[in-house]
$ cat work.cif   # mmCIF, C-alpha atoms
data_input
#
loop_
_atom_site.group_PDB
_atom_site.id
_atom_site.type_symbol
_atom_site.label_atom_id
_atom_site.label_comp_id
_atom_site.auth_asym_id
_atom_site.auth_seq_id
_atom_site.Cartn_x
_atom_site.Cartn_y
_atom_site.Cartn_z
ATOM 1 C CA MET A 1 -2.910 -18.186 -57.056
ATOM 2 C CA PRO A 2 -4.139 -14.566 -56.758
ATOM 3 C CA LEU A 3 -1.574 -12.124 -55.360
ATOM 4 C CA ALA A 4 -3.456 -11.360 -52.109
ATOM 5 C CA ALA A 5 -3.911 -15.038 -51.331
ATOM 6 C CA SER A 6 -0.219 -15.679 -52.047
ATOM 7 C CA VAL A 7 0.855 -12.924 -49.582
ATOM 8 C CA ARG A 8 -1.425 -14.322 -46.869
ATOM 9 C CA ALA A 9 -0.012 -17.789 -47.363
ATOM 10 C CA HIS A 10 3.584 -16.603 -47.126
ATOM 11 C CA ARG A 11 2.806 -14.591 -43.935
ATOM 12 C CA PHE A 12 1.138 -17.633 -42.353
ATOM 13 C CA ALA A 13 4.117 -19.840 -43.216
ATOM 14 C CA LEU A 14 6.553 -17.271 -41.811
ATOM 15 C CA ALA A 15 4.563 -17.033 -38.560
ATOM 16 C CA ILE A 16 4.692 -20.804 -38.144
ATOM 17 C CA VAL A 17 8.481 -20.803 -38.650
ATOM 18 C CA LEU A 18 9.023 -17.920 -36.151
ATOM 19 C CA ALA A 19 6.766 -19.531 -33.568
ATOM 20 C CA GLY A 20 8.764 -22.742 -33.815
ATOM 21 C CA LEU A 21 12.014 -20.802 -33.463
ATOM 22 C CA VAL A 22 10.804 -18.983 -30.321
ATOM 23 C CA VAL A 23 9.685 -22.230 -28.712
ATOM 24 C CA ALA A 24 13.008 -23.881 -29.509
ATOM 25 C CA VAL A 25 15.117 -20.989 -28.151
ATOM 26 C CA ALA A 26 12.947 -20.603 -25.068
ATOM 27 C CA ALA A 27 13.354 -24.306 -24.337
ATOM 28 C CA SER A 28 17.130 -23.860 -24.423
ATOM 29 C CA GLY A 29 16.887 -21.256 -21.622
ATOM 30 C CA ALA A 30 18.551 -18.556 -23.744
ATOM 31 C CA PHE A 31 15.464 -16.510 -24.556
ATOM 32 C CA VAL A 32 14.077 -13.718 -22.351
ATOM 33 C CA TRP A 33 10.965 -11.847 -23.322
ATOM 34 C CA PRO A 34 11.599 -8.085 -23.537
ATOM 35 C CA THR A 35 9.821 -5.867 -21.004
ATOM 36 C CA ALA A 36 7.802 -2.793 -21.851
ATOM 37 C CA GLY A 37 10.202 -0.309 -20.242
ATOM 38 C CA PRO A 38 11.497 -0.144 -16.639
ATOM 39 C CA PRO A 39 9.403 -1.548 -13.818
ATOM 40 C CA ALA A 40 6.916 0.810 -12.230
ATOM 41 C CA ALA A 41 7.928 2.554 -9.024
ATOM 42 C CA PRO A 42 6.557 0.820 -5.942
ATOM 43 C CA SER A 43 3.328 2.205 -4.565
ATOM 44 C CA VAL A 44 3.673 4.294 -1.407
ATOM 45 C CA GLY A 45 0.150 3.565 -0.248
ATOM 46 C CA PRO A 46 -2.805 5.886 0.018
ATOM 47 C CA ASP A 47 -2.233 9.607 0.334
ATOM 48 C CA PRO A 48 -5.331 11.492 1.467
ATOM 49 C CA ALA A 49 -4.032 14.844 0.242
ATOM 50 C CA GLY A 50 -6.800 16.743 -1.475
ATOM 51 C CA SER A 51 -9.604 14.948 0.370
ATOM 52 C CA ALA A 52 -10.229 17.714 2.912
ATOM 53 C CA VAL A 53 -11.871 21.105 2.904
ATOM 54 C CA PRO A 54 -9.193 23.827 2.896
ATOM 55 C CA PRO A 55 -8.770 25.853 6.093
ATOM 56 C CA PRO A 56 -10.867 29.029 6.165
ATOM 57 C CA ALA A 57 -9.462 32.503 5.728
ATOM 58 C CA GLY A 58 -7.987 33.877 8.920
ATOM 59 C CA SER A 59 -6.438 30.573 10.013
ATOM 60 C CA PRO A 60 -2.918 30.833 11.471
ATOM 61 C CA VAL A 61 -0.050 30.429 9.019
ATOM 62 C CA LEU A 62 3.374 28.946 9.754
ATOM 63 C CA ILE A 63 6.035 29.726 7.155
ATOM 64 C CA GLY A 64 9.749 29.084 6.808
ATOM 65 C CA ALA A 65 12.619 26.833 5.735
ATOM 66 C CA GLY A 66 15.958 25.501 6.902
ATOM 67 C CA ASP A 67 19.549 25.833 5.652
ATOM 68 C CA ILE A 68 19.286 29.542 5.192
ATOM 69 C CA CYS A 69 22.288 31.853 5.069
ATOM 70 C CA VAL A 70 25.714 31.459 3.465
ATOM 71 C CA THR A 71 27.881 34.579 3.465
ATOM 72 C CA GLY A 72 29.096 33.857 -0.064
ATOM 73 C CA SER A 73 25.548 33.852 -1.454
ATOM 74 C CA VAL A 74 23.580 36.287 0.671
ATOM 75 C CA ALA A 75 21.325 37.059 -2.291
ATOM 76 C CA ASP A 76 19.759 33.594 -2.122
ATOM 77 C CA ALA A 77 18.728 34.072 1.517
ATOM 78 C CA ARG A 78 17.518 37.554 0.662
ATOM 79 C CA ALA A 79 15.285 36.073 -2.046
ATOM 80 C CA THR A 80 13.595 33.656 0.380
ATOM 81 C CA ALA A 81 13.308 36.429 2.974
ATOM 82 C CA ALA A 82 11.363 38.509 0.432
ATOM 83 C CA LEU A 83 8.663 35.833 0.349
ATOM 84 C CA ILE A 84 8.188 36.115 4.114
ATOM 85 C CA VAL A 85 8.375 39.917 4.232
ATOM 86 C CA ALA A 86 5.375 39.889 1.892
ATOM 87 C CA ARG A 87 3.388 37.928 4.520
ATOM 88 C CA PRO A 88 3.669 40.065 7.660
ATOM 89 C CA ASP A 89 1.056 38.188 9.698
ATOM 90 C CA ASP A 90 2.626 34.725 9.422
ATOM 91 C CA VAL A 91 4.549 33.006 12.215
ATOM 92 C CA VAL A 92 8.037 32.145 10.948
ATOM 93 C CA PHE A 93 9.864 28.903 11.687
ATOM 94 C CA THR A 94 13.411 27.940 10.849
ATOM 95 C CA ALA A 95 14.437 24.299 10.411
ATOM 96 C CA GLY A 96 18.060 24.743 11.489
ATOM 97 C CA ASP A 97 21.353 25.835 9.960
ATOM 98 C CA ASN A 98 20.215 29.432 10.201
ATOM 99 C CA SER A 99 23.892 30.158 9.571
ATOM 100 C CA ASN A 100 24.929 27.564 7.019
ATOM 101 C CA ASP A 101 28.577 28.557 7.475
ATOM 102 C CA THR A 102 30.011 28.005 10.958
ATOM 103 C CA GLY A 103 27.543 29.900 13.114
ATOM 104 C CA THR A 104 29.835 32.749 14.184
ATOM 105 C CA ALA A 105 28.558 36.054 15.519
ATOM 106 C CA ALA A 106 29.939 37.801 12.440
ATOM 107 C CA GLN A 107 28.050 35.452 10.135
ATOM 108 C CA TYR A 108 24.819 36.072 12.013
ATOM 109 C CA SER A 109 25.412 39.809 11.745
ATOM 110 C CA ASP A 110 26.610 39.902 8.128
ATOM 111 C CA CYS A 111 24.297 37.264 6.620
ATOM 112 C CA PHE A 112 21.271 36.161 8.624
ATOM 113 C CA ASP A 113 20.509 39.553 10.143
ATOM 114 C CA ARG A 114 20.769 41.262 6.746
ATOM 115 C CA THR A 115 18.192 38.886 5.258
ATOM 116 C CA TRP A 116 15.822 37.006 7.581
ATOM 117 C CA GLY A 117 16.585 39.511 10.347
ATOM 118 C CA ALA A 118 13.939 41.744 8.766
ATOM 119 C CA PHE A 119 11.288 39.721 10.638
ATOM 120 C CA LYS A 120 13.370 38.533 13.598
ATOM 121 C CA ASP A 121 10.616 39.438 16.053
ATOM 122 C CA ARG A 122 8.330 36.710 14.680
ATOM 123 C CA ILE A 123 10.883 33.919 14.124
ATOM 124 C CA ARG A 124 10.615 30.714 16.175
ATOM 125 C CA PRO A 125 13.970 29.025 15.399
ATOM 126 C CA VAL A 126 15.609 25.653 15.899
ATOM 127 C CA PRO A 127 19.376 25.084 15.671
ATOM 128 C CA GLY A 128 21.242 22.983 13.130
ATOM 129 C CA ASN A 129 24.621 21.300 13.042
ATOM 130 C CA HIS A 130 26.223 24.313 11.331
ATOM 131 C CA ASP A 131 24.979 26.601 14.109
ATOM 132 C CA TYR A 132 26.905 24.370 16.519
ATOM 133 C CA LEU A 133 30.177 24.631 14.594
ATOM 134 C CA THR A 134 30.816 27.561 16.906
ATOM 135 C CA ALA A 135 31.160 26.142 20.435
ATOM 136 C CA GLY A 136 27.819 25.588 22.116
ATOM 137 C CA ALA A 137 26.027 27.507 19.328
ATOM 138 C CA GLY A 138 26.673 30.605 21.457
ATOM 139 C CA PRO A 139 25.971 33.156 18.680
ATOM 140 C CA TYR A 140 22.706 31.337 17.798
ATOM 141 C CA TYR A 141 21.408 31.638 21.361
ATOM 142 C CA SER A 142 22.696 35.187 21.689
ATOM 143 C CA TYR A 143 21.093 36.319 18.440
ATOM 144 C CA PHE A 144 17.628 34.836 19.028
ATOM 145 C CA GLY A 145 17.562 35.245 22.794
ATOM 146 C CA ALA A 146 14.475 33.960 24.608
ATOM 147 C CA ALA A 147 12.870 33.001 21.273
ATOM 148 C CA ALA A 148 15.349 30.095 21.007
ATOM 149 C CA GLY A 149 14.184 28.495 24.231
ATOM 150 C CA PRO A 150 16.412 27.876 27.242
ATOM 151 C CA ALA A 151 20.062 28.576 26.377
ATOM 152 C CA GLY A 152 22.012 25.368 25.991
ATOM 153 C CA LYS A 153 18.833 23.326 25.478
ATOM 154 C CA GLY A 154 17.205 24.851 22.402
ATOM 155 C CA TYR A 155 13.910 22.978 22.688
ATOM 156 C CA TYR A 156 10.569 24.517 23.591
ATOM 157 C CA SER A 157 6.937 24.660 22.426
ATOM 158 C CA TYR A 158 4.194 27.167 21.705
ATOM 159 C CA ASP A 159 0.524 27.308 20.744
ATOM 160 C CA LEU A 160 -1.222 28.720 17.692
ATOM 161 C CA ALA A 161 -4.917 29.312 17.072
ATOM 162 C CA ASN A 162 -7.322 26.557 15.988
ATOM 163 C CA ASN A 163 -5.941 24.178 18.644
ATOM 164 C CA TRP A 164 -2.479 23.816 17.076
ATOM 165 C CA HIS A 165 0.640 23.154 19.122
ATOM 166 C CA VAL A 166 4.197 23.487 17.783
ATOM 167 C CA LEU A 167 7.260 21.718 19.180
ATOM 168 C CA ALA A 168 10.658 23.202 18.310
ATOM 169 C CA LEU A 169 13.319 20.561 19.007
ATOM 170 C CA ASN A 170 17.116 20.469 19.056
ATOM 171 C CA ALA A 171 18.354 17.715 16.742
ATOM 172 C CA ILE A 172 22.032 18.109 17.704
ATOM 173 C CA CYS A 173 21.716 15.285 20.211
ATOM 174 C CA SER A 174 25.327 15.205 21.393
ATOM 175 C CA GLU A 175 24.959 18.760 22.704
ATOM 176 C CA VAL A 176 21.856 18.164 24.827
ATOM 177 C CA GLY A 177 22.315 14.777 26.457
ATOM 178 C CA GLY A 178 21.053 12.598 23.612
ATOM 179 C CA CYS A 179 17.742 12.109 21.823
ATOM 180 C CA GLY A 180 16.879 8.527 22.792
ATOM 181 C CA VAL A 181 14.276 7.233 25.211
ATOM 182 C CA GLY A 182 14.822 8.693 28.655
ATOM 183 C CA SER A 183 17.108 11.500 27.505
ATOM 184 C CA PRO A 184 16.288 14.979 28.869
ATOM 185 C CA GLU A 185 14.897 16.143 25.527
ATOM 186 C CA GLU A 186 12.823 13.014 24.886
ATOM 187 C CA THR A 187 11.463 13.281 28.434
ATOM 188 C CA PHE A 188 10.524 16.910 27.710
ATOM 189 C CA LEU A 189 8.845 15.834 24.470
ATOM 190 C CA ARG A 190 6.708 13.147 26.122
ATOM 191 C CA ALA A 191 5.691 15.451 28.969
ATOM 192 C CA ASP A 192 4.831 18.294 26.586
ATOM 193 C CA LEU A 193 2.715 16.021 24.397
ATOM 194 C CA ALA A 194 0.855 14.690 27.449
ATOM 195 C CA ALA A 195 0.185 18.228 28.679
ATOM 196 C CA ASN A 196 -1.201 19.188 25.260
ATOM 197 C CA ALA A 197 -3.210 16.053 24.480
ATOM 198 C CA GLY A 198 -5.952 16.608 21.945
ATOM 199 C CA LYS A 199 -4.171 19.382 20.083
ATOM 200 C CA HIS A 200 -2.988 19.253 16.467
ATOM 201 C CA VAL A 201 0.789 18.892 16.690
ATOM 202 C CA VAL A 202 3.592 20.136 14.427
ATOM 203 C CA ALA A 203 7.176 19.216 15.341
ATOM 204 C CA ILE A 204 10.177 20.992 13.805
ATOM 205 C CA TRP A 205 13.834 20.002 14.030
ATOM 206 C CA HIS A 206 16.841 20.041 11.743
ATOM 207 C CA ILE A 207 17.884 16.485 10.819
ATOM 208 C CA PRO A 208 15.186 14.272 9.233
ATOM 209 C CA ALA A 209 14.458 10.710 10.228
ATOM 210 C CA PHE A 210 13.346 10.078 6.626
ATOM 211 C CA SER A 211 15.007 11.680 3.619
ATOM 212 C CA SER A 212 15.974 10.834 0.051
ATOM 213 C CA GLY A 213 18.687 13.496 0.038
ATOM 214 C CA GLY A 214 21.946 12.354 -1.454
ATOM 215 C CA ALA A 215 24.111 14.148 1.115
ATOM 216 C CA HIS A 216 22.531 12.695 4.256
ATOM 217 C CA GLY A 217 19.370 10.570 3.870
ATOM 218 C CA ASN A 218 17.619 8.712 6.699
ATOM 219 C CA ASP A 219 18.772 9.132 10.299
ATOM 220 C CA PRO A 220 17.430 6.689 12.924
ATOM 221 C CA ALA A 221 18.558 8.905 15.824
ATOM 222 C CA TYR A 222 15.058 10.393 15.951
ATOM 223 C CA THR A 223 13.042 7.166 16.093
ATOM 224 C CA ALA A 224 12.022 7.748 19.722
ATOM 225 C CA TRP A 225 10.712 11.209 18.831
ATOM 226 C CA TRP A 226 8.672 9.754 15.975
ATOM 227 C CA GLN A 227 7.261 7.087 18.284
ATOM 228 C CA ASP A 228 6.219 9.690 20.851
ATOM 229 C CA LEU A 229 4.690 11.949 18.209
ATOM 230 C CA TYR A 230 2.865 9.076 16.506
ATOM 231 C CA ALA A 231 1.393 7.933 19.829
ATOM 232 C CA ALA A 232 0.123 11.498 20.331
ATOM 233 C CA ASP A 233 -1.509 11.623 16.853
ATOM 234 C CA ALA A 234 0.848 14.346 15.648
ATOM 235 C CA GLU A 235 0.121 15.730 12.185
ATOM 236 C CA ILE A 236 3.356 17.142 10.755
ATOM 237 C CA VAL A 237 7.143 16.970 11.081
ATOM 238 C CA ILE A 238 9.304 19.606 9.355
ATOM 239 C CA ASP A 239 13.064 19.189 8.838
ATOM 240 C CA GLY A 240 15.958 20.605 6.833
ATOM 241 C CA HIS A 241 19.586 19.364 6.614
ATOM 242 C CA ASP A 242 19.301 17.883 3.117
ATOM 243 C CA HIS A 243 19.312 20.877 0.780
ATOM 244 C CA ASP A 244 16.195 20.062 -1.199
ATOM 245 C CA TYR A 245 12.410 19.894 -0.915
ATOM 246 C CA GLU A 246 10.686 16.597 -0.199
ATOM 247 C CA ARG A 247 7.155 15.728 0.899
ATOM 248 C CA PHE A 248 6.210 12.333 2.286
ATOM 249 C CA THR A 249 2.830 10.685 2.493
ATOM 250 C CA PRO A 250 1.713 10.111 6.125
ATOM 251 C CA GLN A 251 3.701 7.272 7.643
ATOM 252 C CA SER A 252 4.425 5.404 10.851
ATOM 253 C CA PRO A 253 7.680 5.554 12.845
ATOM 254 C CA SER A 254 8.809 2.402 11.030
ATOM 255 C CA GLY A 255 8.299 4.066 7.642
ATOM 256 C CA GLN A 256 5.064 2.311 6.677
ATOM 257 C CA ALA A 257 2.424 4.252 4.757
ATOM 258 C CA ASP A 258 -0.327 5.010 7.265
ATOM 259 C CA VAL A 259 -3.325 7.302 6.788
ATOM 260 C CA ASN A 260 -3.173 7.967 10.535
ATOM 261 C CA GLY A 261 0.559 8.653 10.404
ATOM 262 C CA ILE A 262 2.684 11.789 10.347
ATOM 263 C CA ARG A 263 3.422 13.772 7.195
ATOM 264 C CA GLU A 264 7.053 14.886 6.935
ATOM 265 C CA PHE A 265 8.367 17.811 4.919
ATOM 266 C CA VAL A 266 12.087 18.315 4.269
ATOM 267 C CA VAL A 267 12.577 22.007 3.456
ATOM 268 C CA GLY A 268 16.307 22.662 3.182
ATOM 269 C CA THR A 269 15.633 25.433 0.673
ATOM 270 C CA GLY A 270 16.238 28.647 2.614
ATOM 271 C CA GLY A 271 19.280 29.856 0.680
ATOM 272 C CA ALA A 272 22.181 27.400 0.999
ATOM 273 C CA GLY A 273 23.284 25.598 -2.182
ATOM 274 C CA GLN A 274 20.918 22.886 -3.391
ATOM 275 C CA ARG A 275 21.921 19.213 -3.728
ATOM 276 C CA GLY A 276 20.678 16.142 -5.564
ATOM 277 C CA PHE A 277 18.930 13.012 -4.339
ATOM 278 C CA GLY A 278 20.265 9.579 -3.480
ATOM 279 C CA THR A 279 18.238 6.529 -2.441
ATOM 280 C CA ILE A 280 14.555 7.309 -2.888
ATOM 281 C CA ARG A 281 12.766 6.410 0.312
ATOM 282 C CA ALA A 282 9.447 4.648 0.647
ATOM 283 C CA ASN A 283 6.521 7.064 0.916
ATOM 284 C CA SER A 284 8.425 9.934 -0.728
ATOM 285 C CA LYS A 285 5.645 11.649 -2.662
ATOM 286 C CA VAL A 286 7.228 14.806 -4.129
ATOM 287 C CA ARG A 287 10.921 15.676 -4.532
ATOM 288 C CA HIS A 288 12.683 18.672 -6.026
ATOM 289 C CA SER A 289 16.129 20.220 -5.930
ATOM 290 C CA GLY A 290 17.347 23.417 -7.513
ATOM 291 C CA THR A 291 14.759 25.952 -6.314
ATOM 292 C CA PHE A 292 15.039 28.116 -3.214
ATOM 293 C CA GLY A 293 11.797 28.815 -1.409
ATOM 294 C CA VAL A 294 9.731 28.418 1.749
ATOM 295 C CA LEU A 295 6.975 26.140 3.017
ATOM 296 C CA GLU A 296 3.697 27.787 3.978
ATOM 297 C CA LEU A 297 1.305 25.855 6.252
ATOM 298 C CA THR A 298 -2.218 27.157 6.840
ATOM 299 C CA LEU A 299 -3.616 25.559 9.997
ATOM 300 C CA GLY A 300 -7.372 25.109 10.230
ATOM 301 C CA ALA A 301 -9.421 23.579 13.020
ATOM 302 C CA GLN A 302 -10.118 20.434 10.994
ATOM 303 C CA SER A 303 -7.553 20.528 8.188
ATOM 304 C CA TYR A 304 -4.275 22.045 7.093
ATOM 305 C CA SER A 305 -2.970 23.059 3.690
ATOM 306 C CA TRP A 306 0.554 23.451 2.404
ATOM 307 C CA ARG A 307 2.270 25.382 -0.376
ATOM 308 C CA PHE A 308 5.882 25.484 -1.421
ATOM 309 C CA LEU A 309 6.527 29.071 -2.490
ATOM 310 C CA PRO A 310 9.491 29.457 -4.884
ATOM 311 C CA VAL A 311 11.625 32.574 -4.987
ATOM 312 C CA ALA A 312 11.037 35.091 -7.768
ATOM 313 C CA GLY A 313 11.713 33.407 -11.101
ATOM 314 C CA GLY A 314 11.230 29.888 -9.714
ATOM 315 C CA THR A 315 8.659 27.610 -11.311
ATOM 316 C CA PHE A 316 8.503 24.598 -8.982
ATOM 317 C CA SER A 317 5.581 24.472 -6.583
ATOM 318 C CA ASP A 318 3.747 21.937 -4.461
ATOM 319 C CA ALA A 319 0.394 22.325 -2.740
ATOM 320 C CA GLY A 320 -2.307 20.259 -1.080
ATOM 321 C CA VAL A 321 -4.763 19.949 1.756
ATOM 322 C CA GLN A 322 -5.138 17.308 4.462
ATOM 323 C CA ALA A 323 -7.799 16.590 7.071
ATOM 324 C CA THR A 324 -6.477 16.508 10.625
ATOM 325 C CA HIS A 325 -6.608 13.253 12.544
ATOM 326 C CA GLY A 326 -9.533 14.088 14.760
#
$ encode --input "work.cif" --output "structure tokens"
Amino acid sequence: MPLAASVRAHRFALAIVLAGLVVAVAASGAFVWPTAGPPAAPSVGPDPAGSAVPPPAGSPVLIGAGDICVTGSVADARATAALIVARPDDVVFTAGDNSNDTGTAAQYSDCFDRTWGAFKDRIRPVPGNHDYLTAGAGPYYSYFGAAAGPAGKGYYSYDLANNWHVLALNAICSEVGGCGVGSPEETFLRADLAANAGKHVVAIWHIPAFSSGGAHGNDPAYTAWWQDLYAADAEIVIDGHDHDYERFTPQSPSGQADVNGIREFVVGTGGAGQRGFGTIRANSKVRHSGTFGVLELTLGAQSYSWRFLPVAGGTFSDAGVQATHG
């Protein structure tokens, strides 16, 4: 037999033997077909980012972060402050833990004021749990004054151009009579949303309802707020608390992907030490830890855009554009 024909014959015979072996082992229940790598991550549903026309030049800009100043690493807060100093026309938010130590007057003077204090006159803050480690967050309210809203409450709202409305909320529920349905703050939230119906809404508070952060993660204490905001067609929620950056696709209060839902950003990147991730939540679209920076939102009449701006030397970034709900 010619050599080529002999090789083909031997290969055919070997294939028959192997096929019989596979069938026999499979029948015994001991054989499992190998997979082609790990299973794909579950889909988080549609994300309309990038489908809108970017806001025009001259639109209002909201910029900031949470988890900002630690006295042992003032340089990190100074680096994020430099990003905001370079944008003197932007409105500045904080997402809580302005003092990421214990919120003392000395820490506000020696850390926050020496960094983000450079633009104190345009900061619209919210408190965090670390700010309340000093009784009643007294130094927080003293430092920011009227800009922090009514002393002892810490929740308020304000308007920006292009029909945008911003709610600054106090997530430290135990200090303000709770956060559930019928609580003073939730009653304020519902009334404020009703009085500003038809506006594009951003809500900012410290502790996220949804988060993949390994230190904290999801917190259901804010479900009533999400339900109120969703019913009012709110656009954006901004939080801190977990020291990382995370962007979610728009979702419902129950955590279902929803093109008419609310997009949440976790921006705990203001200068306190970064942490890793734990359980990855449904609808988490972008996650990063290890880079300090700020979130910049440009607010148009029919769309908004976002950019994560890293500190000097940082390489991570995230950007997109989204049409408003109506």
$ residues_around --input "work.cif" --residues "region 148-165 of chain A" --least-positions-apart "6" --cutoff "8 Å" --atoms "only C-alpha atoms" --output "compact mmCIF listing (two decimals) with C-alpha atoms, in the frame of the given file"
# COMPACT_ATOMS: atom_id res chain seq x y z
CA SER A 59 -6.44 30.57 10.01
CA PRO A 60 -2.92 30.83 11.47
CA ARG A 124 10.62 30.71 16.18
CA PRO A 125 13.97 29.02 15.40
CA VAL A 126 15.61 25.65 15.90
CA PRO A 127 19.38 25.08 15.67
CA GLY A 136 27.82 25.59 22.12
CA TYR A 141 21.41 31.64 21.36
CA GLU A 175 24.96 18.76 22.70
CA VAL A 176 21.86 18.16 24.83
CA GLU A 185 14.90 16.14 25.53
CA ASP A 192 4.83 18.29 26.59
CA ASN A 196 -1.20 19.19 25.26
CA LYS A 199 -4.17 19.38 20.08
CA HIS A 200 -2.99 19.25 16.47
CA VAL A 201 0.79 18.89 16.69
CA VAL A 202 3.59 20.14 14.43
CA LEU A 299 -3.62 25.56 10.00
CA GLY A 300 -7.37 25.11 10.23
CA ALA A 301 -9.42 23.58 13.02
$ resolve_selection --input "work.cif" --expression "the PyMOL selection byres ((chain A and resi 80) around 10)" --output "PyMOL selection string"
chain A and resi 64-65+68+75-79+81-85+115-116+269-271+292-294+309-312
$ closest_residue --input "work.cif" --among "A:Thr298, A:Asn170, A:Gln251, A:Asn100" --to "Asn283 (chain A)" --atoms "all atoms listed in the file"
A:Gln251
$ resolve_selection --input "work.cif" --expression "the PyMOL selection byres ((chain A and resi 209) around 8)" --output "list of chain:residue names"
A:Ile207, A:Pro208, A:Phe210, A:Ser211, A:Asn218, A:Asp219, A:Pro220, A:Ala221, A:Tyr222, A:Thr223
$ atom_distance --input "work.cif" --atom1 "CA of Ala57 (chain A)" --atom2 "CA of Ser303 (chain A)"
12.4 Å
$ resolve_selection --input "work.cif" --expression "the PyMOL selection byres ((chain A and resi 167) around 6)" --output "PyMOL selection string"
chain A and resi 157+166+168+203
$ atom_distance --input "work.cif" --atom1 "CA of Cys69 (chain A)" --atom2 "CA of Asn129 (chain A)"
13.4 Å
$ closest_residue --input "work.cif" --among "A:Val181, A:Ile262, A:Val61, A:Ile123" --to "Trp225 (chain A)" --atoms "all atoms listed in the file"
A:Val181
$ atom_distance --input "work.cif" --atom1 "CA of Leu193 (chain A)" --atom2 "CA of Thr249 (chain A)"
22.5 Å
$ closest_residue --input "work.cif" --among "A:Ala106, A:Ile172, A:Ser183, A:Leu62" --to "Arg307 (chain A)" --atoms "only C-alpha atoms"
A:Leu62
$ closest_residue --input "work.cif" --among "A:Ala137, A:Ile238, A:Ala257, A:Val53" --to "Ala282 (chain A)" --atoms "all atoms listed in the file"
A:Ala257
$ residues_around --input "work.cif" --residues "Asp131 (chain A)" --least-positions-apart "2" --cutoff "9 Å" --atoms "all atoms listed in the file" --output "list in words"
Gly96, Asp97, Asn98, Ser99, Asn100, Asp101, Thr102, Gly103, Thr104, Pro127, Gly128, Asn129, Leu133, Thr134, Ala135, Gly136, Ala137, Gly138, Pro139 and Tyr140 of chain A
$ closest_residue --input "work.cif" --among "A:His241, A:Pro253, A:Arg263, A:His216" --to "Gly278 (chain A)" --atoms "only C-alpha atoms"
A:His216
$ axis_aligned_box --input "work.cif" --around "region 187-203 of chain A" --padding-each-side "8 Å" --output "AutoDock Vina command-line options"
--center_x 2.8 --center_y 16.6 --center_z 21.7 --size_x 33.4 --size_y 23.0 --size_z 30.5
$ closest_residue --input "work.cif" --among "A:Phe277, A:Tyr108, A:Trp205, A:Phe316" --to "Phe265 (chain A)" --atoms "all atoms listed in the file"
A:Trp205
